[in-house]
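Below is one structure; the comments refer to it alone.
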Amino acid sequence: MTEPNKKKRTTRSIRIGKLTIGGDAPIAVQSMTATRTQDLQATARQIEILEKAGADVIRIAIDSKEDVEALKKLRQNTDAVLSVDLQENYLMAPLVAPLVDKIRYNPGHLWHLEKSKPIREKVKFIVDAAREHNCAIRIGVNCGSVDPDYKSRFPGDSIQSMVESAVDHCAMLDEMGFENYCVSLKDSDSDKVIEANKRFAERRPDVPLHLGVTEAGLPPEGIIKTRIAFEQLVAAGIGDTIRVSLTLPDDDKGEEIVVGRQILKDIEEGRFRSVPENFLEGLNIIACPSCSRVENGKFVELAQDVRKITEYAEQYKITIAVMGCRVNGPGETDDADLGLWCGPTYVNLKKGEESIGAYPYDEILEKLKFELDKIIEDRFGSVPSRVS
C-alpha cells in the first residue's frame, strides 16, 4: 500500500451538542451500544464503557416507542453526546429529538416505510424535528440497503449508487435550509469505502464525513480492513468523525474507541502500517459489530464459531457474511457467497441472494459447512480435509 501524503481537511463545521466536528476540529471517535435499548442495565453499562474509553459520540438504535421510553431513562443518567439511529422508523424522529444531539437516518430505509409518501416529505419530517430541538443529522448510506431507485439507475456500480443517494439527500437538506448535517458512505469492502468517500468529497467538499467500514468483523482482520480505509482517506484530508465497527463481546466494546484513536495517532505521526501479504485473497468473513437490533445474544459467539469452523477453507476466495438482525441482514448478505442473519431462535442461511432456509443455532454451523464444501467443490474441484 502506498503511503499517503497527509492533507488538511476542508469541510465546514457542524455542532453535535457540545461537540464540534469538521473544519479544524479534531477528528471525533464514536461507537454504538450493542445491547437491546430496553435492557436499561446492560445499555447503561455500555454507555459507561464507551465513555470511559473516551467516546466523543455514543449512538443508540431506536425502533419503537418502548425504545424511546428506555432512551428517556438512559438520558437522565448521562451527559454524553448521544446520537440516535432511527432504523426503519423515521416517524420516531420527533420523539427522540428532545433527548439526543444527533439523528441518523438511512435513505434506503426511508424507501420501505409508507411507500406512497414522497421521500422528500419523509426527509422534511426528520429535518423539522431536528431543527426544532437543535439536533445534527447524519445521512447514513449503506451498501446493503441503498434505495432501490438508485440501484436501478446505476446497475453494477454500487459505489455510484451510494454517492448519488448521498448527494441528492444533501441537496434536499440544503433546500430546506438545514446545514447542520454530515454524511457517511459505508461498505464492508475497504476499497469501496475509499472510492465512495473520495467521489463524494469531490462533489461536496463542504460536507463533513463520518468514516467507517461497516461489518468489518472480528479482530484482527476487522482492524486491518478499517485501517486500510482510514489511512487512505484521513491522510487525503477526508473524514471528520470515525467509527470502528468490530464484532466484540459487550464488555469489550470500548476497544472500538481505543483502536480508532490508535489509528488516528498513527496517521498523524506518519506511521502507515503495511497490509499482511495475501490479505483477503482467501476466505473473507464479514460480521456486523452488533447493536441493539440483535435479537439473540449468541450472535457474537456465532461469528467467532464461524471463523473457527471455516479455517480449513482459508485459502479459497470465498466471502461469508454473519449479520445480527433482520434490518441489515437480508440485504447486506446479498453480495456474500454465503450469508447468515440471526433471528431470535433461528439463523437464516443464504447463498448469494437465494434463501436456503432457517436453522436452529445448534444446527446452523454444520449446515454452513455443508454449503461451503459444495461451493469449494463446484469452484475448485475438491474439498480439503478439515477438523470437525
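Each chain in the C-alpha cells gets a letter, A, B and so on, in the order shown; residues start at 1 in every chain, and ligands are counted from 1 in the order they appear.
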
*Which residues in region 119-179 of chain A does DSSP call strand (DSSP E or B)? List them as a PyMOL selection string.*
chain A and resi 136-142

Please report as a Markdown table every residue of region 46-162 of chain A lying within 6 Å of region 168-190 of chain A, along with the nearest atom pair and their distance in Å (one decimal), using only C-alpha atoms.
```
| residue | atom | partner | partner_atom | distance |
| --- | --- | --- | --- | --- |
| A:Ala136 | CA | A:Asn180 | CA | 5.2 |
| A:Ile137 | CA | A:Tyr181 | CA | 4.6 |
| A:Arg138 | CA | A:Cys182 | CA | 4.9 |
| A:Ile139 | CA | A:Val183 | CA | 4.7 |
| A:Gly140 | CA | A:Ser184 | CA | 4.8 |
| A:Val141 | CA | A:Leu185 | CA | 4.9 |
| A:Asn142 | CA | A:Lys186 | CA | 5.0 |
| A:Cys143 | CA | A:Asp187 | CA | 5.2 |
```

*Please provide as a list of chain:residue names all residues within 8 Å of Asp334 (chain A), with the sequence filter that same-chain residues fewer than 5 positions apart are discarded (counting only C-alpha atoms).*
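Those residues are A:Gly144, A:Gly339, A:Lys350, A:Lys351, A:Gly352, A:Glu353.
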
*asked:* What's around region 371-378 of chain A at 12 Å? Count only C-alpha atoms, leave out sequence neighbours fewer than 6 positions away in its own chain, and write the answer as a PyMOL selection string.
replied: chain A and resi 282-283+306+309-320+336-340+349-352+356-357+364-365+384-386

*May I ask for the distance between CA of Asn348 (chain A) and CA of Cys291 (chain A), given in Å to one decimal place?*
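CA of Cys291 (chain A) lies at a distance of 18.1 Å from CA of Asn348 (chain A).
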
*Can you pull out every residue within 10 Å of Leu264 (chain A), counting only C-alpha atoms, but drop anything in the same chain fewer than 2 positions away, and send it as a ChimeraX atom specification?*
/A:27-29,227,230-231,234-235,242,259-262,266-271

Just write the chosen residues, N, CA and C atoms, as a PDB file, in the first residue's frame.
```pdb
ATOM      1  N   ILE A  27     -10.601  15.096  14.786  1.00  0.00           N
ATOM      2  CA  ILE A  27     -11.483  14.039  14.289  1.00  0.00           C
ATOM      3  C   ILE A  27     -12.086  13.305  15.486  1.00  0.00           C
ATOM      4  N   ALA A  28     -13.401  13.286  15.546  1.00  0.00           N
ATOM      5  CA  ALA A  28     -14.105  12.662  16.672  1.00  0.00           C
ATOM      6  C   ALA A  28     -14.180  11.148  16.475  1.00  0.00           C
ATOM      7  N   VAL A  29     -14.145  10.431  17.594  1.00  0.00           N
ATOM      8  CA  VAL A  29     -14.204   8.971  17.568  1.00  0.00           C
ATOM      9  C   VAL A  29     -15.490   8.526  18.262  1.00  0.00           C
ATOM     10  N   ARG A 227      -8.281   0.011   9.092  1.00  0.00           N
ATOM     11  CA  ARG A 227      -7.062   0.798   8.953  1.00  0.00           C
ATOM     12  C   ARG A 227      -6.765   1.124   7.485  1.00  0.00           C
ATOM     13  N   PHE A 230      -9.108   4.045   6.571  1.00  0.00           N
ATOM     14  CA  PHE A 230      -8.837   5.288   7.294  1.00  0.00           C
ATOM     15  C   PHE A 230      -7.502   5.898   6.882  1.00  0.00           C
ATOM     16  N   GLU A 231      -6.493   5.066   6.695  1.00  0.00           N
ATOM     17  CA  GLU A 231      -5.187   5.609   6.331  1.00  0.00           C
ATOM     18  C   GLU A 231      -5.261   6.359   5.007  1.00  0.00           C
ATOM     19  N   VAL A 234      -8.184   9.598   5.629  1.00  0.00           N
ATOM     20  CA  VAL A 234      -7.794  10.660   6.563  1.00  0.00           C
ATOM     21  C   VAL A 234      -6.536  11.368   6.070  1.00  0.00           C
ATOM     22  N   ALA A 235      -5.599  10.609   5.549  1.00  0.00           N
ATOM     23  CA  ALA A 235      -4.377  11.211   5.025  1.00  0.00           C
ATOM     24  C   ALA A 235      -4.660  12.107   3.820  1.00  0.00           C
ATOM     25  N   ILE A 242     -15.032   9.221  13.036  1.00  0.00           N
ATOM     26  CA  ILE A 242     -14.836   7.835  12.613  1.00  0.00           C
ATOM     27  C   ILE A 242     -15.547   6.869  13.544  1.00  0.00           C
ATOM     28  N   VAL A 259      -9.010   1.431  19.423  1.00  0.00           N
ATOM     29  CA  VAL A 259      -8.448   1.163  18.096  1.00  0.00           C
ATOM     30  C   VAL A 259      -8.550   2.396  17.209  1.00  0.00           C
ATOM     31  N   GLY A 260      -9.701   3.061  17.241  1.00  0.00           N
ATOM     32  CA  GLY A 260      -9.872   4.253  16.422  1.00  0.00           C
ATOM     33  C   GLY A 260      -8.869   5.342  16.752  1.00  0.00           C
ATOM     34  N   ARG A 261      -8.666   5.573  18.028  1.00  0.00           N
ATOM     35  CA  ARG A 261      -7.709   6.614  18.431  1.00  0.00           C
ATOM     36  C   ARG A 261      -6.276   6.236  18.055  1.00  0.00           C
ATOM     37  N   GLN A 262      -5.969   4.931  18.153  1.00  0.00           N
ATOM     38  CA  GLN A 262      -4.612   4.496  17.782  1.00  0.00           C
ATOM     39  C   GLN A 262      -4.361   4.688  16.291  1.00  0.00           C
ATOM     40  N   ASP A 266      -1.497   7.076  14.721  1.00  0.00           N
ATOM     41  CA  ASP A 266      -0.505   6.576  13.779  1.00  0.00           C
ATOM     42  C   ASP A 266      -0.476   7.417  12.508  1.00  0.00           C
ATOM     43  N   ILE A 267      -1.653   7.764  11.997  1.00  0.00           N
ATOM     44  CA  ILE A 267      -1.719   8.584  10.789  1.00  0.00           C
ATOM     45  C   ILE A 267      -1.094   9.955  11.037  1.00  0.00           C
ATOM     46  N   GLU A 268      -1.431  10.558  12.159  1.00  0.00           N
ATOM     47  CA  GLU A 268      -0.902  11.888  12.497  1.00  0.00           C
ATOM     48  C   GLU A 268       0.623  11.855  12.593  1.00  0.00           C
ATOM     49  N   GLU A 269       1.152  10.771  13.104  1.00  0.00           N
ATOM     50  CA  GLU A 269       2.602  10.677  13.302  1.00  0.00           C
ATOM     51  C   GLU A 269       3.319  10.015  12.127  1.00  0.00           C
ATOM     52  N   GLY A 270       2.564   9.771  11.044  1.00  0.00           N
ATOM     53  CA  GLY A 270       3.182   9.245   9.832  1.00  0.00           C
ATOM     54  C   GLY A 270       3.493   7.773   9.854  1.00  0.00           C
ATOM     55  N   ARG A 271       2.840   7.016  10.730  1.00  0.00           N
ATOM     56  CA  ARG A 271       3.071   5.569  10.796  1.00  0.00           C
ATOM     57  C   ARG A 271       1.955   4.865  10.023  1.00  0.00           C
TER      58      ARG A 271
END
```
